[in-house]
$ cat run.cif   # mmCIF, C-alpha atoms and all ligand atoms
data_query
loop_
_atom_site.label_atom_id
_atom_site.label_comp_id
_atom_site.auth_asym_id
_atom_site.auth_seq_id
_atom_site.Cartn_x
_atom_site.Cartn_y
_atom_site.Cartn_z
CA MET B 1 -14.45 -9.21 -13.50
CA TYR B 2 -13.96 -11.44 -16.54
CA LEU B 3 -15.18 -8.75 -18.91
CA SER B 4 -11.71 -7.56 -19.72
CA ILE B 5 -10.50 -11.03 -20.63
CA MET B 6 -13.54 -11.54 -22.84
CA ASN B 7 -12.75 -8.27 -24.53
CA ASN B 8 -9.25 -9.48 -25.24
CA PHE B 9 -7.67 -7.08 -22.82
CA ILE B 10 -5.06 -7.98 -20.23
CA PRO B 11 -5.91 -5.91 -17.13
CA ILE B 12 -3.25 -4.58 -14.81
CA SER B 13 -4.92 -6.16 -11.82
CA MET B 14 -7.83 -8.40 -10.91
CA PRO B 15 -8.77 -10.10 -7.65
CA SER B 16 -8.76 -13.89 -7.41
CA ILE B 17 -12.18 -14.95 -6.15
CA THR B 18 -12.78 -18.66 -5.50
CA GLN B 19 -15.53 -20.74 -3.94
CA LYS B 20 -14.01 -20.05 -0.51
CA GLU B 21 -14.59 -16.28 -0.81
CA ILE B 22 -18.14 -16.85 -2.10
CA GLU B 23 -18.90 -19.26 0.75
CA TYR B 24 -17.64 -16.98 3.53
CA VAL B 25 -19.37 -13.89 2.11
CA ASN B 26 -22.62 -15.84 1.70
CA ASP B 27 -22.30 -17.04 5.26
CA ALA B 28 -21.84 -13.48 6.53
CA VAL B 29 -24.84 -12.22 4.58
CA LYS B 30 -27.07 -15.13 5.62
CA SER B 31 -26.09 -14.72 9.28
CA GLY B 32 -27.74 -11.30 9.37
CA TRP B 33 -24.53 -9.75 10.75
CA VAL B 34 -24.10 -7.44 7.81
CA SER B 35 -22.69 -4.38 9.55
CA SER B 36 -19.65 -4.12 11.77
CA LEU B 37 -20.39 -6.79 14.37
CA GLY B 38 -19.91 -10.47 13.58
CA LYS B 39 -17.51 -13.36 13.74
CA TYR B 40 -15.54 -12.49 10.61
CA ILE B 41 -14.41 -9.12 11.97
CA GLU B 42 -12.89 -10.75 15.04
CA LEU B 43 -11.41 -13.56 12.99
CA PHE B 44 -9.92 -11.19 10.41
CA GLU B 45 -8.33 -9.02 13.10
CA LYS B 46 -6.96 -11.99 15.00
CA SER B 47 -5.57 -13.72 11.90
CA PHE B 48 -4.11 -10.52 10.47
CA ALA B 49 -2.32 -9.74 13.75
CA GLU B 50 -0.84 -13.25 13.63
CA PHE B 51 0.17 -12.80 10.00
CA SER B 52 1.86 -9.47 10.75
CA ASN B 53 3.41 -10.73 13.95
CA THR B 54 1.80 -8.00 16.05
CA LYS B 55 -0.20 -8.07 19.26
CA TYR B 56 -3.20 -6.25 17.79
CA ALA B 57 -4.95 -5.54 14.50
CA ILE B 58 -7.88 -3.15 14.03
CA ALA B 59 -10.07 -3.55 10.94
CA VAL B 60 -11.12 -0.25 9.34
CA SER B 61 -13.15 0.90 6.35
CA ASN B 62 -10.11 1.46 4.10
CA GLY B 63 -6.40 2.24 4.15
CA THR B 64 -6.93 6.01 4.03
CA THR B 65 -9.16 6.02 7.09
CA GLY B 66 -6.67 3.68 8.75
CA LEU B 67 -3.88 6.22 8.26
CA HIS B 68 -6.11 9.06 9.44
CA LEU B 69 -7.26 7.12 12.49
CA ALA B 70 -3.69 6.26 13.45
CA LEU B 71 -2.58 9.91 13.18
CA GLU B 72 -5.59 11.08 15.22
CA ALA B 73 -4.97 8.42 17.86
CA TYR B 74 -1.44 9.79 18.26
CA GLY B 75 -2.90 13.28 18.71
CA ILE B 76 -1.29 14.70 15.57
CA GLY B 77 -2.97 17.93 14.44
CA PRO B 78 -2.62 21.61 13.49
CA GLY B 79 0.92 22.95 13.78
CA ASP B 80 2.49 19.49 13.48
CA GLU B 81 4.56 18.19 10.59
CA VAL B 82 4.66 14.62 9.30
CA ILE B 83 7.41 13.48 6.93
CA VAL B 84 6.19 11.48 3.92
CA PRO B 85 7.83 10.41 0.66
CA ASP B 86 7.02 12.57 -2.37
CA LEU B 87 6.36 9.40 -4.40
CA THR B 88 3.33 7.57 -3.05
CA PHE B 89 -0.41 7.34 -3.52
CA ILE B 90 -2.12 10.60 -2.55
CA ALA B 91 -3.84 8.96 0.46
CA THR B 92 -0.61 9.05 2.48
CA ALA B 93 -0.47 12.85 2.28
CA ASN B 94 -4.21 13.49 2.45
CA ALA B 95 -4.53 11.52 5.70
CA VAL B 96 -2.00 13.88 7.28
CA LYS B 97 -3.80 16.93 5.89
CA HIS B 98 -7.15 15.68 7.25
CA THR B 99 -5.75 16.00 10.79
CA GLY B 100 -4.81 19.65 10.20
CA ALA B 101 -1.08 18.80 10.26
CA ASN B 102 1.19 19.40 7.28
CA PRO B 103 2.85 16.68 5.24
CA VAL B 104 6.51 17.44 4.50
CA PHE B 105 7.61 15.75 1.30
CA VAL B 106 11.05 14.20 1.03
CA ASP B 107 13.01 12.32 -1.59
CA ILE B 108 13.27 8.60 -2.25
CA GLU B 109 16.03 6.10 -2.94
CA GLU B 110 16.42 5.72 -6.68
CA THR B 111 16.75 1.95 -6.36
CA THR B 112 14.01 0.87 -3.93
CA LEU B 113 11.68 3.84 -4.65
CA CYS B 114 11.14 4.10 -0.88
CA ILE B 115 11.71 7.11 1.37
CA ASP B 116 15.38 8.13 1.66
CA PRO B 117 16.57 8.14 5.30
CA GLU B 118 19.12 10.91 4.61
CA SER B 119 16.36 13.16 3.28
CA ILE B 120 14.28 12.46 6.39
CA LYS B 121 17.11 13.74 8.60
CA LYS B 122 17.28 17.02 6.68
CA ALA B 123 13.53 17.60 6.91
CA ILE B 124 13.19 17.31 10.70
CA THR B 125 12.15 20.54 12.48
CA LYS B 126 10.90 21.28 15.98
CA ASN B 127 7.36 20.68 14.68
CA THR B 128 8.00 17.20 13.27
CA LYS B 129 5.94 14.55 15.05
CA ALA B 130 6.04 11.49 12.82
CA ILE B 131 7.45 9.77 9.75
CA ILE B 132 5.32 7.72 7.37
CA PRO B 133 7.56 5.39 5.37
CA VAL B 134 5.67 3.82 2.46
CA HIS B 135 6.59 0.30 1.38
CA LEU B 136 6.07 1.21 -2.25
CA TYR B 137 4.99 -1.36 -4.83
CA GLY B 138 5.77 -4.13 -2.31
CA HIS B 139 9.34 -3.18 -1.33
CA PRO B 140 9.89 -2.35 2.36
CA ALA B 141 11.49 0.97 3.27
CA ASN B 142 14.76 0.87 5.23
CA MET B 143 13.12 0.48 8.62
CA ALA B 144 16.40 0.01 10.52
CA LEU B 145 17.66 3.48 9.57
CA ILE B 146 14.22 5.09 9.82
CA ASN B 147 13.61 3.71 13.31
CA SER B 148 16.99 4.89 14.51
CA ILE B 149 16.37 8.43 13.15
CA ALA B 150 12.94 8.37 14.80
CA LYS B 151 14.38 7.25 18.12
CA GLU B 152 17.09 9.92 18.11
CA ASN B 153 14.53 12.62 17.42
CA GLY B 154 11.57 11.34 19.45
CA LEU B 155 9.36 10.76 16.39
CA LEU B 156 6.59 8.26 15.74
CA VAL B 157 6.83 5.85 12.82
CA ILE B 158 3.60 4.93 11.02
CA GLU B 159 4.27 2.35 8.32
CA ASP B 160 2.16 2.75 5.19
CA ALA B 161 2.07 -0.92 4.24
CA ALA B 162 -0.95 -0.57 1.94
CA GLU B 163 0.93 -2.22 -0.93
CA ALA B 164 3.16 -4.63 0.93
CA HIS B 165 1.33 -7.36 2.87
CA GLY B 166 3.91 -9.98 3.83
CA ALA B 167 6.99 -7.92 2.91
CA GLU B 168 9.90 -8.15 5.35
CA PHE B 169 12.87 -6.05 6.39
CA ASN B 170 15.75 -7.96 8.02
CA GLY B 171 13.40 -10.94 8.38
CA GLU B 172 10.64 -8.99 10.19
CA ARG B 173 7.19 -8.42 8.73
CA VAL B 174 6.08 -4.92 7.73
CA GLY B 175 3.37 -3.62 10.03
CA SER B 176 5.38 -4.83 13.04
CA LEU B 177 8.38 -2.57 12.49
CA GLY B 178 7.14 0.92 13.37
CA ASP B 179 4.83 2.19 16.13
CA CYS B 180 1.97 0.99 13.97
CA GLY B 181 1.33 -0.18 10.42
CA VAL B 182 -1.56 0.49 8.04
CA PHE B 183 -2.70 -1.85 5.25
CA SER B 184 -5.22 -1.53 2.42
CA PHE B 185 -7.54 -4.22 1.07
CA TYR B 186 -8.71 -2.34 -2.02
CA GLY B 187 -9.52 -4.66 -4.94
CA ASN B 188 -6.08 -4.39 -6.54
CA LYS B 189 -4.12 -5.12 -3.37
CA ILE B 190 -2.33 -8.37 -2.45
CA ILE B 191 -5.47 -9.44 -0.61
CA THR B 192 -8.81 -7.66 -0.83
CA SER B 193 -11.95 -7.17 1.22
CA GLY B 194 -13.55 -5.02 -1.49
CA GLU B 195 -12.75 -1.83 0.35
CA GLY B 196 -11.03 -2.15 3.71
CA GLY B 197 -7.94 -1.60 5.79
CA MET B 198 -6.12 -2.77 8.90
CA ILE B 199 -4.01 -1.06 11.55
CA THR B 200 -1.42 -3.25 13.28
CA THR B 201 0.40 -2.42 16.51
CA ASN B 202 2.04 -3.82 19.62
CA CYS B 203 1.14 -0.85 21.80
CA ASP B 204 -1.74 -1.31 24.29
CA ASP B 205 -2.56 2.39 24.76
CA PHE B 206 -2.55 3.18 21.05
CA TYR B 207 -4.70 0.12 20.38
CA GLN B 208 -7.33 1.16 22.93
CA LYS B 209 -7.38 4.74 21.66
CA ALA B 210 -7.66 3.79 17.98
CA LEU B 211 -10.36 1.23 18.76
CA ARG B 212 -12.38 3.86 20.61
CA LEU B 213 -11.98 6.52 17.90
CA ARG B 214 -12.98 4.03 15.19
CA ASP B 215 -16.42 3.81 16.78
CA HIS B 216 -17.28 7.46 17.55
CA ALA B 217 -15.30 7.23 20.80
CA MET B 218 -18.27 5.60 22.47
CA ASP B 219 -17.70 4.98 26.18
CA LYS B 220 -17.14 1.28 26.87
CA SER B 221 -19.27 1.18 29.99
CA LYS B 222 -21.75 3.98 29.26
CA ARG B 223 -23.49 3.38 25.95
CA TYR B 224 -24.08 6.48 23.80
CA TRP B 225 -21.78 8.57 25.95
CA HIS B 226 -18.92 10.14 24.01
CA SER B 227 -16.19 12.11 25.74
CA GLU B 228 -14.34 13.04 22.55
CA ILE B 229 -15.01 13.29 18.82
CA GLY B 230 -14.49 10.03 16.99
CA TYR B 231 -15.33 8.52 13.59
CA ASN B 232 -17.22 5.73 11.97
CA TYR B 233 -14.27 3.98 10.33
CA ARG B 234 -15.56 0.45 10.90
CA MET B 235 -15.30 -2.46 8.46
CA THR B 236 -18.37 -4.59 7.79
CA ASN B 237 -18.64 -8.28 8.61
CA ILE B 238 -19.27 -8.96 4.89
CA GLN B 239 -16.00 -7.26 3.92
CA ALA B 240 -14.20 -9.13 6.69
CA ALA B 241 -15.60 -12.46 5.41
CA LEU B 242 -14.00 -11.76 2.03
CA GLY B 243 -10.82 -10.68 3.79
CA VAL B 244 -10.62 -13.84 5.91
CA ALA B 245 -10.98 -16.06 2.84
CA GLN B 246 -8.26 -14.08 1.06
CA LEU B 247 -5.95 -14.16 4.08
CA GLU B 248 -6.25 -17.95 4.18
CA ARG B 249 -4.83 -17.93 0.63
CA ILE B 250 -2.15 -15.29 1.08
CA ASP B 251 0.81 -17.66 0.87
CA SER B 252 -0.27 -18.69 -2.62
CA PHE B 253 -0.73 -15.02 -3.63
CA LEU B 254 2.76 -14.11 -2.43
CA LYS B 255 4.28 -17.13 -4.17
CA ARG B 256 2.54 -16.21 -7.41
CA LYS B 257 3.64 -12.54 -7.24
CA LYS B 258 7.25 -13.72 -7.09
CA GLU B 259 6.73 -16.18 -9.96
CA ILE B 260 5.17 -13.43 -12.10
CA PHE B 261 8.07 -11.09 -11.39
CA ASP B 262 10.58 -13.84 -12.22
CA ILE B 263 8.95 -14.47 -15.60
CA TYR B 264 9.04 -10.75 -16.47
CA LYS B 265 12.65 -10.66 -15.33
CA LEU B 266 13.62 -13.60 -17.48
CA LEU B 267 12.03 -12.04 -20.55
CA LEU B 268 13.08 -8.40 -20.07
CA ASN B 269 16.30 -8.57 -18.11
CA ASN B 270 18.77 -8.20 -20.95
CA ILE B 271 16.91 -5.57 -22.93
CA PRO B 272 18.89 -2.32 -23.10
CA ARG B 273 17.38 0.67 -21.25
CA LEU B 274 14.87 -1.45 -19.30
CA HIS B 275 14.94 -1.92 -15.53
CA LEU B 276 12.59 -3.94 -13.33
CA ASN B 277 11.97 -3.80 -9.54
CA PHE B 278 15.12 -3.62 -7.45
CA THR B 279 15.33 -5.52 -4.16
CA SER B 280 17.73 -4.47 -1.40
CA ILE B 281 19.73 -7.05 0.49
CA GLU B 282 17.75 -6.59 3.72
CA ALA B 283 14.38 -6.82 1.99
CA LYS B 284 11.82 -9.43 1.14
CA ASN B 285 10.01 -7.75 -1.74
CA VAL B 286 6.45 -8.96 -2.37
CA TYR B 287 6.30 -7.45 -5.88
CA TRP B 288 2.78 -6.09 -5.45
CA MET B 289 3.18 -4.64 -8.91
CA VAL B 290 5.84 -5.22 -11.50
CA CYS B 291 7.66 -1.92 -12.11
CA LEU B 292 9.24 -1.22 -15.47
CA GLU B 293 11.50 1.79 -15.96
CA VAL B 294 12.79 2.95 -19.32
CA GLU B 295 16.04 4.90 -19.16
CA GLY B 296 15.79 8.39 -20.63
CA TYR B 297 12.00 8.46 -20.71
CA GLU B 298 10.11 11.74 -20.29
CA GLU B 299 6.40 11.94 -19.49
CA ALA B 300 5.41 12.05 -23.17
CA ASP B 301 7.42 8.88 -23.98
CA ARG B 302 5.89 7.10 -21.03
CA ASP B 303 2.35 8.14 -21.97
CA LYS B 304 2.95 6.98 -25.54
CA LEU B 305 4.12 3.57 -24.30
CA ILE B 306 1.03 3.24 -22.09
CA ASN B 307 -1.18 4.19 -25.02
CA ASP B 308 0.59 1.88 -27.48
CA LEU B 309 0.26 -1.00 -25.02
CA LYS B 310 -3.42 -0.23 -24.63
CA ASN B 311 -3.83 -0.46 -28.39
CA GLU B 312 -2.29 -3.94 -28.18
CA GLY B 313 -4.84 -4.95 -25.51
CA ILE B 314 -2.50 -4.46 -22.53
CA ASP B 315 -3.33 -2.40 -19.46
CA SER B 316 -0.57 -0.57 -17.60
CA ARG B 317 -0.33 2.49 -15.36
CA PRO B 318 2.17 5.29 -14.74
CA TYR B 319 4.11 5.61 -11.49
CA PHE B 320 2.52 8.06 -9.07
CA TYR B 321 3.17 11.76 -9.76
CA PRO B 322 5.23 13.70 -7.20
CA ILE B 323 2.62 14.75 -4.64
CA SER B 324 4.35 18.07 -4.03
CA ASP B 325 3.61 19.03 -7.66
CA MET B 326 -0.12 18.95 -6.96
CA PRO B 327 -1.89 22.26 -6.45
CA MET B 328 -3.02 21.69 -2.87
CA TYR B 329 0.45 20.92 -1.59
CA LYS B 330 3.68 22.83 -1.17
CA ARG B 331 6.37 22.25 -3.78
CA ALA B 332 9.30 20.20 -2.52
CA ASN B 333 12.86 19.79 -3.70
CA THR B 334 12.87 16.07 -4.52
CA PRO B 335 15.18 15.55 -7.52
CA VAL B 336 15.15 11.74 -7.43
CA VAL B 337 11.34 11.57 -7.37
CA HIS B 338 11.22 14.08 -10.22
CA LYS B 339 13.66 12.00 -12.24
CA VAL B 340 12.08 8.62 -11.59
CA TYR B 341 8.33 9.18 -11.80
CA LYS B 342 8.24 9.84 -15.53
CA ARG B 343 10.24 6.82 -16.58
CA GLY B 344 8.20 4.17 -14.78
CA ILE B 345 5.08 2.15 -15.45
CA ASN B 346 3.43 -0.82 -13.72
CA LEU B 347 2.62 -3.95 -15.69
CA PRO B 348 -0.14 -6.58 -15.32
CA SER B 349 0.74 -8.62 -12.22
CA TYR B 350 -2.42 -10.39 -11.03
CA PHE B 351 -2.72 -13.92 -9.63
CA ASP B 352 -4.39 -15.54 -12.66
CA ILE B 353 -2.29 -14.00 -15.43
CA SER B 354 -0.94 -16.77 -17.65
CA GLU B 355 2.67 -17.22 -18.64
CA SER B 356 1.70 -16.79 -22.29
CA ASP B 357 0.01 -13.44 -21.49
CA ILE B 358 3.16 -12.24 -19.71
CA LYS B 359 5.17 -13.32 -22.74
CA TYR B 360 2.77 -11.41 -24.99
CA VAL B 361 3.19 -8.27 -22.83
CA CYS B 362 6.98 -8.56 -22.94
CA ASP B 363 7.09 -9.19 -26.71
CA LYS B 364 4.98 -6.08 -27.29
CA ILE B 365 7.17 -3.97 -25.01
CA ILE B 366 10.29 -5.12 -26.82
CA SER B 367 8.85 -4.44 -30.25
CA LEU B 368 7.41 -1.03 -29.20
CA LEU B 369 10.86 -0.07 -27.97
CA GLY B 370 12.35 -0.96 -31.31
CA GLY B 371 13.36 -4.58 -30.78
CA ARG B 372 16.47 -5.88 -29.10
C1 LIG D 401 0.63 3.66 -0.59
C2 LIG D 401 -0.85 3.70 -0.30
N1 LIG D 401 -1.28 4.28 0.82
C3 LIG D 401 -2.57 4.34 1.15
C4 LIG D 401 -3.54 3.79 0.33
C5 LIG D 401 -4.98 3.95 0.69
O1 LIG D 401 -5.68 2.78 0.78
P1 LIG D 401 -7.25 2.74 0.42
O2 LIG D 401 -7.37 2.81 -1.05
O3 LIG D 401 -7.69 1.41 0.98
O4 LIG D 401 -7.89 3.88 1.12
C6 LIG D 401 -3.13 3.14 -0.85
C7 LIG D 401 -4.07 2.46 -1.74
O5 LIG D 401 -4.81 2.62 -2.47
C8 LIG D 401 -1.76 3.12 -1.19
O6 LIG D 401 -1.34 2.55 -2.32
#
$ encode --input "run.cif" --output "structure tokens" --more "lines below"
Ligand SMILES: Cc1ncc(COP(=O)(O)O)c(C=O)c1O
Amino acid sequence: MYLSIMNNFIPISMPSITQKEIEYVNDAVKSGWVSSLGKYIELFEKSFAEFSNTKYAIAVSNGTTGLHLALEAYGIGPGDEVIVPDLTFIATANAVKHTGANPVFVDIEETTLCIDPESIKKAITKNTKAIIPVHLYGHPANMALINSIAKENGLLVIEDAAEAHGAEFNGERVGSLGDCGVFSFYGNKIITSGEGGMITTNCDDFYQKALRLRDHAMDKSKRYWHSEIGYNYRMTNIQAALGVAQLERIDSFLKRKKEIFDIYKLLLNNIPRLHLNFTSIEAKNVYWMVCLEVEGYEEADRDKLINDLKNEGIDSRPYFYPISDMPMYKRANTPVVHKVYKRGINLPSYFDISESDIKYVCDKIISLLGGR
């Protein structure tokens, strides 16, 4: 983990592992409860439900399986359509495809980068069953409008909150705003369990169904009897131990994310052509990753910037590509996504990055763009 620093390279992301994480993981390993039973699983689920302000939380093996499990628990399958934003990580769409349903890609808001409620309305057909708003890069989607569209049309709302632990819309935590929420604990996320995910919900029936499907749909009172086809999407106690330690520190992670964004903002705010993360008035943005957009950039300009930064010892990454451009999916008419994706990159935004490293990153960006 410290290799990159030793090599004089500022990584885009890196987990913060302290003695607390080491202690809890050691404890889980030493206890012998190394698979998916053990005290840390229960503790992680209970604490995460409290954190998200939901009745239930179900720990799963990762965010992708969490999305798939949620869709399966709602009975979504062949012939159904699920509306997803065209700008997101591929997992959002693939989880839909894994059920046999079709993802329908819609446009985003140019400011927040989240799914555009007006585009959702236009995409609804008689086959639409659900909407998956993605709280991209830490900014919550407009859940008030999305929920009202869903209600009018009898649709489910599955929040993809993989990148937005702790974000809020109108003062309410993501994960508690739709029918269910799904989080990721991959190593670059706000908190990590190595690999891992969590489904949050307030609905008793959905909770029971998802819990059953997570464990091969084993009958509660008749061991090794299965009346439907389920999955092994369980999290291990070792992963949960890491997750619990991280969750105990989440307030400091969220505080630091905001501080990091504020430093970037201070240093890059007045530079012509540059734009950083936007935050809507209803939103608490958790700035999972700092987003930098350069006006007028095409893919080649963006790739050159990423490459030039790399040569200066700075890691960065491009925005996601429009999913509907990928060969396995159907092309969609999403002009905003197609305008935005090529002008954006994410910058190093991890807990331990120093102020002087952020300043170094900003100085290099300014000089690569030709100075002030
Ligand atoms: C928006 C989004 N959805 C879903 C996922 C899938 O999560 P995981 O990598 O834990 O499977 C990710 C993360 O990688 C993500 O960024």
$ closest_residue --input "run.cif" --among "B:Lys257, B:Lys220, B:Lys121, B:Lys209" --to "Ile149 (chain B)" --atoms "only C-alpha atoms"
B:Lys121
$ closest_atom_pairs --input "run.cif" --of "chain B" --to "ligand LIG 401 (chain D)" --cutoff "7 Å" --atoms "all atoms listed in the file" --output "Markdown table"
| residue | atom | partner | partner_atom | distance |
| --- | --- | --- | --- | --- |
| B:Asn62 | CA | D:LIG401 | O3 | 3.9 |
| B:Gly63 | CA | D:LIG401 | O1 | 3.5 |
| B:Thr64 | CA | D:LIG401 | O4 | 3.7 |
| B:Thr65 | CA | D:LIG401 | O4 | 6.5 |
| B:Thr88 | CA | D:LIG401 | C1 | 5.4 |
| B:Phe89 | CA | D:LIG401 | C1 | 4.8 |
| B:Ala91 | CA | D:LIG401 | C3 | 4.8 |
| B:Thr92 | CA | D:LIG401 | N1 | 5.1 |
| B:Val134 | CA | D:LIG401 | C1 | 5.9 |
| B:Leu136 | CA | D:LIG401 | C1 | 6.2 |
| B:Asp160 | CA | D:LIG401 | N1 | 5.8 |
| B:Ala161 | CA | D:LIG401 | C1 | 6.8 |
| B:Ala162 | CA | D:LIG401 | C2 | 4.8 |
| B:Glu163 | CA | D:LIG401 | O6 | 5.5 |
| B:Ser184 | CA | D:LIG401 | O3 | 4.1 |
| B:Phe185 | CA | D:LIG401 | O3 | 5.6 |
| B:Tyr186 | CA | D:LIG401 | O3 | 4.9 |
| B:Glu195 | CA | D:LIG401 | O3 | 6.0 |
| B:Gly196 | CA | D:LIG401 | O3 | 5.6 |
| B:Gly197 | CA | D:LIG401 | O3 | 5.7 |
$ residues_around --input "run.cif" --residues "region 24-29 of chain B" --least-positions-apart "5" --cutoff "9 Å" --atoms "all atoms listed in the file" --output "number ranges by chain"
B: 19, 34, 38-40, 237-242, 244-245
$ residues_around --input "run.cif" --residues "region 357-362 of chain B" --least-positions-apart "2" --cutoff "9 Å" --atoms "only C-alpha atoms" --output "list in words"
Ile10, Ile260, Ile263, Tyr264, Leu267, Leu268, Leu309, Glu312, Ile314, Leu347, Pro348, Ser349, Ile353, Ser354, Glu355, Lys364, Ile365, Ile366 and Ser367 of chain B
$ residues_near_point --input "run.cif" --point "(-1.4, 14.2, 11.0)" --cutoff "12 Å" --atoms "all atoms listed in the file" --output "number ranges by chain"
B: 65-84, 92-104, 127-132, 156-158
$ residues_around --input "run.cif" --residues "Ile250 (chain B)" --least-positions-apart "5" --cutoff "12 Å" --atoms "all atoms listed in the file" --output "PyMOL selection string"
chain B and resi 16+47-48+51-52+164-167+189-192+243-245+255-257+286+351
$ atom_distance --input "run.cif" --atom1 "CA of Tyr287 (chain B)" --atom2 "CA of Glu110 (chain B)"
16.6 Å
$ atom_distance --input "run.cif" --atom1 "CA of Cys114 (chain B)" --atom2 "CA of Ala141 (chain B)"
5.2 Å
$ residues_around --input "run.cif" --residues "Pro318 (chain B)" --least-positions-apart "5" --cutoff "12 Å" --atoms "all atoms listed in the file" --output "list of chain:residue names"
B:Ile12, B:Leu87, B:Thr88, B:Phe89, B:Met289, B:Val290, B:Cys291, B:Leu292, B:Glu293, B:Val294, B:Tyr297, B:Glu298, B:Glu299, B:Ala300, B:Asp301, B:Arg302, B:Asp303, B:Lys304, B:Leu305, B:Ile306, B:Asn307, B:Val340, B:Tyr341, B:Lys342, B:Arg343, B:Gly344, B:Ile345, B:Asn346, B:Leu347
$ closest_residue --input "run.cif" --among "B:Leu155, B:Ala217, B:Ala283, B:Met235" --to "Val174 (chain B)" --atoms "all atoms listed in the file"
B:Ala283
$ build_atoms --input "run.cif" --residues "region 22-35 of chain B" --atoms "N, CA and C atoms" --output "PDB file, in the coordinates of the input"
ATOM      1  N   ILE B  22     -16.686 -16.891  -1.895  1.00  0.00           N
ATOM      2  CA  ILE B  22     -18.140 -16.850  -2.100  1.00  0.00           C
ATOM      3  C   ILE B  22     -18.856 -17.455  -0.882  1.00  0.00           C
ATOM      4  N   GLU B  23     -18.307 -18.572  -0.405  1.00  0.00           N
ATOM      5  CA  GLU B  23     -18.900 -19.260   0.750  1.00  0.00           C
ATOM      6  C   GLU B  23     -18.900 -18.382   2.004  1.00  0.00           C
ATOM      7  N   TYR B  24     -17.751 -17.783   2.299  1.00  0.00           N
ATOM      8  CA  TYR B  24     -17.640 -16.980   3.530  1.00  0.00           C
ATOM      9  C   TYR B  24     -18.531 -15.734   3.438  1.00  0.00           C
ATOM     10  N   VAL B  25     -18.549 -15.098   2.255  1.00  0.00           N
ATOM     11  CA  VAL B  25     -19.370 -13.890   2.110  1.00  0.00           C
ATOM     12  C   VAL B  25     -20.857 -14.257   2.226  1.00  0.00           C
ATOM     13  N   ASN B  26     -21.234 -15.359   1.587  1.00  0.00           N
ATOM     14  CA  ASN B  26     -22.620 -15.840   1.700  1.00  0.00           C
ATOM     15  C   ASN B  26     -22.988 -16.093   3.153  1.00  0.00           C
ATOM     16  N   ASP B  27     -22.070 -16.720   3.853  1.00  0.00           N
ATOM     17  CA  ASP B  27     -22.300 -17.040   5.260  1.00  0.00           C
ATOM     18  C   ASP B  27     -22.526 -15.763   6.072  1.00  0.00           C
ATOM     19  N   ALA B  28     -21.695 -14.748   5.800  1.00  0.00           N
ATOM     20  CA  ALA B  28     -21.840 -13.480   6.530  1.00  0.00           C
ATOM     21  C   ALA B  28     -23.186 -12.837   6.234  1.00  0.00           C
ATOM     22  N   VAL B  29     -23.571 -12.845   4.971  1.00  0.00           N
ATOM     23  CA  VAL B  29     -24.840 -12.220   4.580  1.00  0.00           C
ATOM     24  C   VAL B  29     -26.006 -12.980   5.219  1.00  0.00           C
ATOM     25  N   LYS B  30     -25.963 -14.312   5.097  1.00  0.00           N
ATOM     26  CA  LYS B  30     -27.070 -15.130   5.620  1.00  0.00           C
ATOM     27  C   LYS B  30     -27.188 -15.024   7.135  1.00  0.00           C
ATOM     28  N   SER B  31     -26.064 -14.773   7.812  1.00  0.00           N
ATOM     29  CA  SER B  31     -26.090 -14.720   9.280  1.00  0.00           C
ATOM     30  C   SER B  31     -26.861 -13.507   9.801  1.00  0.00           C
ATOM     31  N   GLY B  32     -27.052 -12.523   8.933  1.00  0.00           N
ATOM     32  CA  GLY B  32     -27.740 -11.300   9.370  1.00  0.00           C
ATOM     33  C   GLY B  32     -26.772 -10.273   9.940  1.00  0.00           C
ATOM     34  N   TRP B  33     -25.530 -10.682  10.214  1.00  0.00           N
ATOM     35  CA  TRP B  33     -24.530  -9.750  10.750  1.00  0.00           C
ATOM     36  C   TRP B  33     -23.871  -9.041   9.577  1.00  0.00           C
ATOM     37  N   VAL B  34     -24.570  -8.066   9.038  1.00  0.00           N
ATOM     38  CA  VAL B  34     -24.100  -7.440   7.810  1.00  0.00           C
ATOM     39  C   VAL B  34     -23.322  -6.149   8.057  1.00  0.00           C
ATOM     40  N   SER B  35     -23.436  -5.613   9.254  1.00  0.00           N
ATOM     41  CA  SER B  35     -22.690  -4.380   9.550  1.00  0.00           C
ATOM     42  C   SER B  35     -21.377  -4.713  10.247  1.00  0.00           C
TER      43      SER B  35
END
